[in-house]
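Quick look at my_file_33.csv (CSV, C-alpha atoms):
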chain,number,residue,atom,x,y,z
I,16,MET,CA,4.6,193.5,64.1
I,17,PRO,CA,2.2,190.8,65.2
I,18,PRO,CA,3.7,187.9,66.9
I,19,ARG,CA,4.5,184.9,64.7
I,20,ALA,CA,3.2,181.6,65.3
I,21,ALA,CA,5.5,178.8,66.2
I,22,GLY,CA,7.0,177.2,63.1
I,23,GLN,CA,6.6,180.3,61.0
I,24,PRO,CA,9.7,181.9,59.4
I,25,ALA,CA,11.3,184.9,61.1
I,26,TYR,CA,10.7,187.1,58.0
I,27,PRO,CA,7.8,186.7,55.6
I,28,SER,CA,8.7,185.1,52.4
I,29,PRO,CA,8.3,187.1,49.2
I,30,GLY,CA,5.0,186.7,47.5
I,31,GLY,CA,3.1,186.8,50.7
I,32,PRO,CA,1.2,184.1,52.3
I,33,GLY,CA,0.4,181.2,50.2
I,34,THR,CA,3.2,181.8,47.8
I,35,PRO,CA,5.3,178.6,47.4
I,36,VAL,CA,8.7,178.9,49.1
I,37,ARG,CA,11.7,178.5,46.7
I,38,GLN,CA,14.4,176.3,48.1
I,39,SER,CA,18.0,177.3,47.8
I,40,VAL,CA,20.5,174.9,46.1
I,41,SER,CA,21.8,173.8,49.4
I,42,SER,CA,18.4,173.1,50.8
I,43,ARG,CA,17.5,171.1,47.7
I,44,ARG,CA,20.2,168.5,48.6
I,45,GLU,CA,18.7,165.1,49.3
I,46,ALA,CA,18.7,164.1,52.9
I,47,PRO,CA,20.4,160.8,53.6
I,48,VAL,CA,18.2,157.8,53.4
I,49,ARG,CA,17.8,156.1,56.8
I,50,GLU,CA,17.9,152.3,56.7
I,51,GLU,CA,15.3,150.8,58.7
I,52,THR,CA,16.1,147.6,60.6
I,53,PRO,CA,13.8,145.0,59.3
I,54,ARG,CA,11.5,143.7,61.8
I,55,GLU,CA,12.1,140.1,62.8
I,56,VAL,CA,9.4,138.0,61.2
I,57,PRO,CA,8.3,135.4,63.6
I,58,PRO,CA,8.7,131.9,62.2
I,59,PRO,CA,5.6,130.1,61.2
I,60,ARG,CA,4.0,128.1,64.0
I,61,GLY,CA,3.5,125.2,61.8
I,62,GLY,CA,5.6,123.6,59.0
I,63,ARG,CA,6.7,120.3,57.7
I,64,VAL,CA,9.8,118.4,58.6
I,65,TYR,CA,10.7,115.7,56.1
I,66,GLY,CA,7.2,115.5,54.9
I,67,LYS,CA,5.6,115.5,58.3
I,68,ALA,CA,3.9,118.3,60.1
I,69,ARG,CA,5.9,119.5,63.1
I,70,SER,CA,4.7,121.1,66.2
I,71,GLY,CA,6.1,124.1,68.0
I,72,SER,CA,7.2,127.5,67.0
I,73,SER,CA,11.0,127.3,67.3
I,74,PRO,CA,13.1,127.6,64.1
I,75,VAL,CA,14.1,124.4,62.3
I,76,LYS,CA,17.7,123.4,63.1
I,77,PRO,CA,19.9,121.3,60.8
I,78,LEU,CA,20.4,117.7,61.9
I,79,ASN,CA,23.9,116.5,62.9
I,80,ALA,CA,25.5,119.9,62.0
I,81,PRO,CA,29.2,119.8,62.9
I,82,PRO,CA,30.4,122.6,65.1
I,83,ALA,CA,32.2,125.4,63.3
I,84,PRO,CA,36.0,125.5,63.8
I,85,PRO,CA,37.3,128.2,66.1
I,86,GLY,CA,37.3,131.6,64.3
I,87,ASP,CA,35.0,130.4,61.5
I,88,SER,CA,32.4,133.0,60.8
I,89,GLY,CA,30.9,131.2,57.9
I,90,GLY,CA,32.0,133.7,55.4
I,91,ARG,CA,33.6,132.9,52.1
I,92,GLY,CA,36.8,134.8,52.7
I,93,GLY,CA,38.1,132.6,55.6
I,94,GLY,CA,38.1,129.4,53.7
I,95,SER,CA,36.5,127.6,56.6
I,96,ALA,CA,33.4,126.6,54.7
I,97,SER,CA,35.5,124.2,52.5
I,98,ARG,CA,36.9,122.2,55.5
I,99,MET,CA,35.6,118.7,55.9
I,100,PRO,CA,33.7,117.6,59.0
I,101,GLY,CA,36.1,116.3,61.7
I,102,TRP,CA,39.0,118.3,60.5
I,103,ARG,CA,41.7,119.1,63.1
I,104,PRO,CA,44.7,121.4,62.7
I,105,LYS,CA,48.1,119.6,62.4
I,106,ARG,CA,50.4,119.6,65.5
I,107,PRO,CA,54.1,119.0,64.7
I,108,GLY,CA,54.9,118.6,68.4
I,109,ARG,CA,52.8,115.4,68.5
I,110,LEU,CA,54.6,113.9,65.6
I,111,ILE,CA,58.0,114.6,67.1
I,112,VAL,CA,56.9,113.0,70.4
I,113,ARG,CA,55.6,109.9,68.6
I,114,ILE,CA,58.9,109.5,66.7
I,115,LEU,CA,61.0,109.9,69.9
I,116,ALA,CA,58.7,107.4,71.7
I,117,GLY,CA,59.2,105.0,68.9
I,118,LEU,CA,63.0,105.4,69.1
I,119,VAL,CA,63.0,104.8,72.8
I,120,VAL,CA,61.0,101.6,72.4
I,121,VAL,CA,63.4,100.3,69.7
I,122,LEU,CA,66.4,101.1,71.9
I,123,LEU,CA,64.9,99.4,74.9
I,124,ILE,CA,64.1,96.3,72.8
I,125,LEU,CA,67.7,96.3,71.5
I,126,ALA,CA,69.1,96.8,75.0
I,127,VAL,CA,67.1,94.0,76.5
I,128,GLY,CA,67.8,91.7,73.6
I,129,GLY,CA,71.5,92.5,73.7
I,130,TYR,CA,71.6,91.9,77.5
I,131,PHE,CA,70.1,88.4,77.2
I,132,MET,CA,72.2,87.6,74.2
I,133,ILE,CA,75.5,88.6,75.9
I,134,ASN,CA,74.4,87.0,79.2
I,135,SER,CA,73.7,83.7,77.4
I,136,ARG,CA,77.2,83.8,75.8
I,137,LEU,CA,79.1,84.3,79.1
I,138,THR,CA,80.9,81.3,80.4
I,139,LYS,CA,79.9,80.8,84.0
I,140,ILE,CA,82.0,78.9,86.5
I,141,GLU,CA,81.6,78.1,90.2
I,142,ALA,CA,84.4,80.2,91.6
I,143,LEU,CA,83.1,81.8,94.7
I,144,THR,CA,81.9,79.2,97.2
I,145,ASP,CA,80.9,79.4,100.9
I,146,TYR,CA,83.1,77.8,103.5
I,147,GLU,CA,83.5,77.9,107.2
I,148,GLY,CA,85.2,81.1,108.4
I,149,ARG,CA,84.6,83.0,105.1
I,150,PRO,CA,84.9,86.8,105.6
I,151,ALA,CA,81.6,88.7,106.1
I,152,ASP,CA,80.3,91.0,103.5
I,153,THR,CA,81.7,94.5,103.5
I,154,PRO,CA,80.7,97.8,101.9
I,155,GLY,CA,81.6,98.3,98.2
I,156,THR,CA,82.2,95.7,95.5
I,157,ASN,CA,85.3,93.5,95.3
I,158,TRP,CA,86.4,91.8,92.1
I,159,LEU,CA,89.2,89.2,91.6
I,160,LEU,CA,90.6,89.7,88.1
I,161,VAL,CA,92.7,86.8,86.8
I,162,GLY,CA,94.7,86.5,83.6
I,163,SER,CA,95.6,83.0,82.8
I,164,ASP,CA,98.1,81.7,80.3
I,165,SER,CA,95.6,79.3,78.7
I,166,ARG,CA,96.1,78.8,75.0
I,167,ALA,CA,92.7,77.4,74.5
I,168,GLY,CA,91.2,78.5,71.2
I,169,LEU,CA,94.5,79.5,69.6
I,170,THR,CA,95.7,77.7,66.5
I,171,ALA,CA,99.3,76.7,66.0
I,172,ALA,CA,99.9,79.7,63.7
I,173,GLN,CA,98.4,82.1,66.3
I,174,ARG,CA,100.6,80.6,69.1
I,175,LYS,CA,103.6,81.2,66.9
I,176,LYS,CA,102.6,84.7,66.0
I,177,LEU,CA,101.8,85.7,69.6
I,178,ALA,CA,104.9,83.9,70.9
I,179,THR,CA,102.8,82.1,73.6
I,180,GLY,CA,104.8,78.8,73.5
I,181,LYS,CA,103.4,75.3,73.6
I,182,ALA,CA,102.7,74.9,77.3
I,183,VAL,CA,99.6,72.9,78.1
I,184,GLY,CA,97.3,73.4,81.0
I,185,ARG,CA,96.5,76.7,82.7
I,186,ARG,CA,98.5,78.9,85.1
I,187,THR,CA,97.9,82.4,86.1
I,188,ASP,CA,100.4,85.2,85.7
I,189,THR,CA,98.0,88.1,86.6
I,190,MET,CA,96.0,88.5,89.7
I,191,MET,CA,94.4,91.9,90.7
I,192,LEU,CA,92.0,92.8,93.4
I,193,LEU,CA,89.6,95.6,92.4
I,194,HIS,CA,87.6,97.5,95.0
I,195,ILE,CA,84.7,99.7,93.8
I,196,PRO,CA,83.4,101.9,96.6
I,197,GLU,CA,79.7,102.4,97.2
I,198,GLY,CA,79.9,106.2,97.0
I,199,ASP,CA,81.7,108.6,94.6
I,200,GLY,CA,85.2,107.6,95.7
I,201,ARG,CA,87.9,106.3,93.4
I,202,PRO,CA,88.2,102.6,92.7
I,203,THR,CA,91.4,100.9,94.0
I,204,LEU,CA,93.2,98.3,91.8
I,205,VAL,CA,95.7,96.2,93.7
I,206,SER,CA,98.2,93.8,92.0
I,207,LEU,CA,98.8,90.6,93.9
I,208,PRO,CA,102.2,89.3,92.7
I,209,ARG,CA,102.0,85.8,91.5
I,210,ASP,CA,105.1,84.9,93.6
I,211,SER,CA,103.5,86.1,96.8
I,212,TYR,CA,104.3,83.6,99.5
I,213,VAL,CA,101.0,82.9,101.3
I,214,PRO,CA,99.2,80.0,103.1
I,215,ILE,CA,97.1,77.9,100.9
I,216,ASP,CA,94.3,75.8,102.4
I,217,GLY,CA,95.4,72.2,102.4
I,218,HIS,CA,98.8,72.9,100.8
I,219,GLY,CA,100.8,74.7,103.4
I,220,SER,CA,102.5,77.9,102.2
I,221,ASN,CA,103.4,78.4,98.6
I,222,LYS,CA,103.3,80.9,95.8
I,223,LEU,CA,99.9,82.5,95.2
I,224,ASN,CA,99.7,81.3,91.6
I,225,ALA,CA,100.2,77.7,92.8
I,226,ALA,CA,96.7,77.9,94.3
I,227,TYR,CA,95.3,78.2,90.8
I,228,ALA,CA,97.4,75.2,89.6
I,229,PHE,CA,96.3,72.9,92.3
I,230,GLN,CA,93.2,70.7,91.8
I,231,GLY,CA,90.1,72.9,92.1
I,232,GLY,CA,92.1,76.0,91.5
I,233,GLN,CA,89.3,78.1,90.2
I,234,GLN,CA,87.7,77.8,93.7
I,235,LEU,CA,90.9,77.6,95.7
I,236,LEU,CA,92.5,80.8,94.3
I,237,PRO,CA,89.5,83.0,95.3
I,238,LYS,CA,89.4,81.3,98.7
I,239,THR,CA,93.1,81.9,99.3
I,240,VAL,CA,92.8,85.6,98.3
I,241,GLU,CA,89.8,86.0,100.7
I,242,GLN,CA,91.7,84.4,103.6
I,243,VAL,CA,94.9,86.4,103.2
I,244,THR,CA,93.2,89.8,102.6
I,245,GLY,CA,90.2,89.4,104.9
I,246,LEU,CA,88.0,90.7,102.1
I,247,ARG,CA,84.9,88.9,100.8
I,248,LEU,CA,84.9,88.7,97.0
I,249,ASP,CA,81.7,89.6,95.2
I,250,HIS,CA,82.8,88.8,91.6
I,251,TYR,CA,85.3,86.7,89.8
I,252,MET,CA,86.5,87.2,86.2
I,253,GLU,CA,89.1,85.3,84.2
I,254,ILE,CA,90.5,85.8,80.7
I,255,GLY,CA,93.0,83.8,78.7
I,256,PHE,CA,95.5,84.8,76.0
I,257,GLY,CA,93.1,84.5,73.1
I,258,GLY,CA,90.4,86.6,74.8
I,259,PHE,CA,93.0,89.2,75.8
I,260,VAL,CA,94.0,89.8,72.2
I,261,GLY,CA,90.4,89.8,70.9
I,262,ILE,CA,89.2,92.5,73.3
I,263,VAL,CA,92.1,94.8,72.5
I,264,ASP,CA,91.5,94.4,68.8
I,265,ALA,CA,87.8,95.0,69.2
I,266,ILE,CA,88.3,98.5,70.6
I,267,GLY,CA,90.8,99.3,67.9
I,268,GLY,CA,94.0,98.9,70.0
I,269,VAL,CA,95.1,100.6,73.2
I,270,GLU,CA,97.3,103.5,73.8
I,271,ILE,CA,100.3,102.8,76.2
I,272,ASN,CA,103.1,105.0,77.3
I,273,VAL,CA,106.2,102.7,77.2
I,274,LYS,CA,108.7,103.9,79.8
I,275,GLN,CA,111.7,102.3,78.1
I,276,ALA,CA,112.6,100.5,74.9
I,277,ILE,CA,111.9,96.8,75.2
I,278,LYS,CA,113.1,94.1,72.9
I,279,ASP,CA,112.0,90.6,73.9
I,280,PRO,CA,111.9,87.8,71.2
I,281,LYS,CA,110.3,85.4,73.8
I,282,ALA,CA,107.4,87.8,74.1
I,283,GLY,CA,107.4,88.7,70.4
I,284,ILE,CA,107.9,92.5,70.9
I,285,ASN,CA,110.3,95.2,69.9
I,286,LEU,CA,109.0,98.4,71.3
I,287,LYS,CA,110.4,101.9,71.4
I,288,LYS,CA,110.1,104.3,74.3
I,289,GLY,CA,107.1,106.7,74.3
I,290,LEU,CA,103.4,106.8,73.7
I,291,GLN,CA,102.1,104.3,71.1
I,292,THR,CA,99.0,102.4,70.1
I,293,MET,CA,99.3,98.6,70.5
I,294,ASP,CA,97.2,95.9,68.9
I,295,GLY,CA,96.2,92.8,70.8
I,296,GLY,CA,99.4,90.8,70.0
I,297,THR,CA,101.8,93.6,70.9
I,298,ALA,CA,99.9,94.4,74.1
I,299,LEU,CA,100.0,90.7,75.1
I,300,GLY,CA,103.7,90.7,74.7
I,301,TYR,CA,104.1,94.0,76.7
I,302,VAL,CA,102.3,92.6,79.8
I,303,ARG,CA,104.0,89.2,79.6
I,304,THR,CA,107.7,90.3,79.1
I,305,ARG,CA,110.2,89.9,81.9
I,306,ALA,CA,113.0,91.7,80.1
I,307,THR,CA,112.9,94.9,82.2
I,308,GLY,CA,113.6,95.9,85.7
I,309,ALA,CA,115.7,94.6,88.5
I,310,ILE,CA,112.7,92.7,89.8
I,311,PRO,CA,110.9,91.5,86.7
I,312,ASP,CA,107.8,90.2,88.4
I,313,LEU,CA,107.1,93.5,90.1
I,314,GLU,CA,107.8,95.5,86.9
I,315,ARG,CA,105.3,93.2,85.1
I,316,THR,CA,102.6,93.8,87.7
I,317,GLN,CA,103.0,97.6,87.1
I,318,ARG,CA,102.6,97.1,83.3
I,319,GLN,CA,99.6,94.9,83.9
I,320,ARG,CA,97.8,97.6,85.9
I,321,GLN,CA,98.8,100.2,83.4
I,322,PHE,CA,97.4,98.1,80.5
I,323,PHE,CA,94.2,97.0,82.3
I,324,SER,CA,93.3,100.6,83.2
I,325,ALA,CA,94.0,101.8,79.6
I,326,VAL,CA,91.8,99.0,78.1
I,327,VAL,CA,88.9,99.5,80.5
I,328,LYS,CA,89.0,103.3,80.2
I,329,LYS,CA,88.8,103.1,76.4
I,330,ALA,CA,86.2,100.4,76.4
I,331,ALA,CA,84.0,102.5,78.7
I,332,SER,CA,84.5,105.8,76.7
I,333,PRO,CA,81.5,107.3,74.9
I,334,GLY,CA,83.3,107.0,71.5
I,335,VAL,CA,83.3,103.2,71.9
I,336,LEU,CA,80.0,102.6,73.8
I,337,ILE,CA,77.7,104.7,71.5
I,338,ASN,CA,79.4,103.5,68.3
I,339,PRO,CA,77.7,100.1,67.3
I,340,PHE,CA,80.7,99.3,65.1
I,341,THR,CA,82.9,99.1,68.2
I,342,SER,CA,80.5,98.4,71.0
I,343,VAL,CA,78.9,95.4,69.5
I,344,PRO,CA,82.2,93.6,68.5
I,345,LEU,CA,83.6,94.5,72.0
I,346,ALA,CA,80.5,93.1,73.8
I,347,LEU,CA,80.6,89.9,71.7
I,348,SER,CA,84.3,89.5,72.1
I,349,ALA,CA,84.2,90.0,75.9
I,350,ALA,CA,81.3,87.6,76.2
I,351,ASP,CA,83.1,84.9,74.3
I,352,SER,CA,86.5,85.6,75.9
I,353,VAL,CA,86.0,85.8,79.7
I,354,SER,CA,84.8,83.3,82.3
I,355,VAL,CA,82.9,84.8,85.2
I,356,GLY,CA,81.5,83.6,88.5
I,357,GLU,CA,77.9,82.4,88.5
I,358,GLU,CA,76.8,85.5,90.3
I,359,THR,CA,78.2,87.8,87.6
I,360,GLY,CA,76.2,89.1,84.6
I,361,ALA,CA,76.4,91.5,81.7
I,362,PHE,CA,75.3,94.5,83.9
I,363,ASP,CA,78.0,93.7,86.4
I,364,LEU,CA,80.7,93.8,83.6
I,365,LEU,CA,79.3,97.1,82.4
I,366,SER,CA,79.5,98.5,86.0
I,367,LEU,CA,83.0,97.3,86.2
I,368,GLY,CA,83.9,99.2,83.0
I,369,LEU,CA,82.2,102.4,84.0
I,370,ALA,CA,83.9,102.4,87.4
I,371,MET,CA,87.3,101.9,85.9
I,372,GLY,CA,86.5,104.6,83.3
I,373,GLY,CA,87.3,107.3,85.9
I,374,ASP,CA,90.6,107.7,87.6
I,375,PRO,CA,91.3,104.5,89.7
I,376,VAL,CA,94.1,104.3,92.3
I,377,THR,CA,96.5,101.6,91.0
I,378,THR,CA,99.0,100.0,93.4
I,379,VAL,CA,100.6,96.7,94.5
I,380,VAL,CA,100.5,95.0,97.9
I,381,PRO,CA,103.3,96.4,100.0
I,382,ILE,CA,106.4,94.3,99.7
I,383,GLY,CA,108.5,93.4,102.7
I,384,SER,CA,111.2,91.1,101.4
I,385,LEU,CA,112.3,88.9,98.5
I,386,PRO,CA,113.7,85.7,100.1
I,387,THR,CA,114.5,82.3,98.5
I,388,ILE,CA,112.5,79.5,100.1
I,389,ASP,CA,112.9,75.9,99.0
I,390,GLY,CA,115.0,77.0,96.1
I,391,GLN,CA,112.4,79.4,94.8
I,392,SER,CA,112.5,83.2,94.8
I,393,VAL,CA,109.3,84.4,96.5
I,394,VAL,CA,107.7,87.7,97.5
I,395,LYS,CA,106.8,88.3,101.1
I,396,TRP,CA,104.3,91.1,101.9
I,397,ASP,CA,104.9,93.9,104.5
I,398,ARG,CA,102.4,92.4,106.9
I,399,GLU,CA,101.7,95.6,108.9
I,400,LYS,CA,101.1,97.8,105.8
I,401,ALA,CA,99.2,95.1,103.9
I,402,LEU,CA,96.8,94.7,106.8
I,403,ARG,CA,96.2,98.5,106.9
I,404,MET,CA,95.6,98.5,103.2
I,405,PHE,CA,93.0,95.7,103.3
I,406,GLU,CA,91.3,97.1,106.5
I,407,ALA,CA,90.8,100.4,104.7
I,408,LEU,CA,89.2,98.6,101.7
I,409,ALA,CA,87.0,96.5,104.1
I,410,GLN,CA,85.7,99.8,105.6
I,411,ASP,CA,85.2,101.3,102.1
I,412,LYS,CA,87.8,104.0,102.8
I,413,PRO,CA,90.7,105.3,100.7
I,414,VAL,CA,94.0,103.4,101.4
I,415,PRO,CA,96.4,105.6,103.4
I,416,GLU,CA,99.3,106.9,101.3
I,417,ASP,CA,101.9,105.2,103.5
I,418,ALA,CA,100.2,101.8,103.1
I,419,LEU,CA,100.3,101.9,99.3
I,420,GLY,CA,102.9,99.5,97.8
I,421,GLY,CA,103.7,101.7,94.8
I,422,ARG,CA,102.1,103.1,91.7

Render the structure in this file as structure tokens.
Amino acid sequence: MPPRAAGQPAYPSPGGPGTPVRQSVSSRREAPVREETPREVPPPRGGRVYGKARSGSSPVKPLNAPPAPPGDSGGRGGGSASRMPGWRPKRPGRLIVRILAGLVVVLLILAVGGYFMINSRLTKIEALTDYEGRPADTPGTNWLLVGSDSRAGLTAAQRKKLATGKAVGRRTDTMMLLHIPEGDGRPTLVSLPRDSYVPIDGHGSNKLNAAYAFQGGQQLLPKTVEQVTGLRLDHYMEIGFGGFVGIVDAIGGVEINVKQAIKDPKAGINLKKGLQTMDGGTALGYVRTRATGAIPDLERTQRQRQFFSAVVKKAASPGVLINPFTSVPLALSAADSVSVGEETGAFDLLSLGLAMGGDPVTTVVPIGSLPTIDGQSVVKWDREKALRMFEALAQDKPVPEDALGGR
């Protein structure tokens, strides 16, 4: 068999050479059509742009075409083609930040406005004055807190209701020294009995509250306290009967644990033993009464410390401070009720409240004896223990337990 040429079938087809080849069914299937990639037609070298002939061969680009948003393919399915130029996706986080920033600004405005309003309503007095031999400044902050029996601002009906009597003038029944340490230590609140027998500049020795009654008493009393304690006072605050009642009522009363039943018509109270909430009038009678204890004056100083701690702790509590229905009346009542030294402002009063909101040490000056001098019953301090107490406070240290005069 002669060799076959390349491309010829391995076996001759029927019919011989020249006979048309009959394709089978499978061979008659159409071959798939190949799509040819259209050739890129070069853009015309010439052309007109807005009626003018242009030069160059680059394609014409749209003028001022906005950039496509991310992910926009230009197709109809994505919906991007319908977005307006300059569109930006919404960001909820930015809206929240703006709202919070607005609230902070409003709160700052209210705080600053409230500060200036309260500061302007405070009654300022010249209480702390410089003099020769005045104690040097010491660490921490020292306050002299004075409760006077002033009836100023009370009507006749209020005096009768509160059983304050008709006495005129001003005397002080409550004197407390408050030391606030610089660090995280506990504040110390020390009662100074009004009958304490101490030297008073220019008046010999007398009861401590006599310094307040003498001419210039609002300067003489702080000076006397500084001289007998060796502590330099940083702030002075005084409150009368009317302010006392107003502050207690502004915070919705104060909770006091009464150690024994007390009935005292002179103070206008009839209290049962146990924990109870007192309004302003009842609390005033509670701290003024002398109907308890073998030594009424010392018993009263204990009740005064108990009451003061309870009032300040409640006033500085979050439930009062963040509630405008209690914090605003309290701030206004306090501003209208107290007299403070010229160096004392609204922030100082707030720091006082926050410091007392913790767990202060409450005590009284150590007592040595209770003699009668010139026909008057007086209180003499235990000099050695009292000096140790005030030296510890001057050094901003806790008072030794054996130098505390009682709780």

Compare I:Ile114, I:Gly261, I:Glu406, I:Ser135 by their minimum atom-to-atom distance to Ala361 of chain I, counting all atoms listed in the file, and give me the closest one.
I:Ser135

Kindly indicate which residue among I:Asp249, I:Glu147, I:Glu357, I:Glu141 lies nearest to Leu192 of chain I, using all atoms listed in the file for the distances.
I:Asp249

Between I:Ser352, I:Gln410, I:Ser366, I:Gln317, which one has atoms that come closest to Leu137 of chain I, using all atoms listed in the file?
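Smallest distance to Leu137 of chain I is found for I:Ser352.
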
So which one's closest to Gly372 of chain I, I:Gln233, I:Ser332, I:Thr316, I:Thr359? Using all atoms listed in the file, please.
I:Ser332

Across I:Pro375, I:Gly334, I:Pro381, I:Gly155, the smallest distance to Gly198 of chain I, with all atoms listed in the file counted, is shown by I:Gly155

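Proximity ranking of I:Asp145, I:Phe323, I:Thr244, I:Tyr212 relative to Thr387 of chain I places I:Tyr212 first, based on only C-alpha atoms.
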
What gap, in Å, lies between atom CA of Leu290 of chain I and atom CA of Val326 of chain I?
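Separating atom CA of Leu290 of chain I from atom CA of Val326 of chain I is a distance of 14.7 Å.
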
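One finds atom CA of Pro208 of chain I at 23.6 Å from atom CA of Pro280 of chain I.
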
Which distance in Å separates atom CA of Gln275 of chain I and atom CA of Leu299 of chain I, to one decimal?
16.7 Å

Residues near Asp312 of chain I, anyone? I mean within 10 Å using only C-alpha atoms, not counting same-chain ones fewer than 4 positions away, as a VMD selection string.
chain I and resid 188 208 to 210 303 to 308 316 to 317 394

Keeping only C-alpha atoms, write the selected residues to a file as a PDB file, in the frame of the given file.
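Final output, saved to result-v1.pdb:
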ATOM      1  CA  ASP I 188     100.400  85.200  85.700  1.00  0.00           C
ATOM      2  CA  PRO I 208     102.200  89.300  92.700  1.00  0.00           C
ATOM      3  CA  ARG I 209     102.000  85.800  91.500  1.00  0.00           C
ATOM      4  CA  ASP I 210     105.100  84.900  93.600  1.00  0.00           C
ATOM      5  CA  ARG I 303     104.000  89.200  79.600  1.00  0.00           C
ATOM      6  CA  THR I 304     107.700  90.300  79.100  1.00  0.00           C
ATOM      7  CA  ARG I 305     110.200  89.900  81.900  1.00  0.00           C
ATOM      8  CA  ALA I 306     113.000  91.700  80.100  1.00  0.00           C
ATOM      9  CA  THR I 307     112.900  94.900  82.200  1.00  0.00           C
ATOM     10  CA  GLY I 308     113.600  95.900  85.700  1.00  0.00           C
ATOM     11  CA  THR I 316     102.600  93.800  87.700  1.00  0.00           C
ATOM     12  CA  GLN I 317     103.000  97.600  87.100  1.00  0.00           C
ATOM     13  CA  VAL I 394     107.700  87.700  97.500  1.00  0.00           C
TER      14      VAL I 394
END
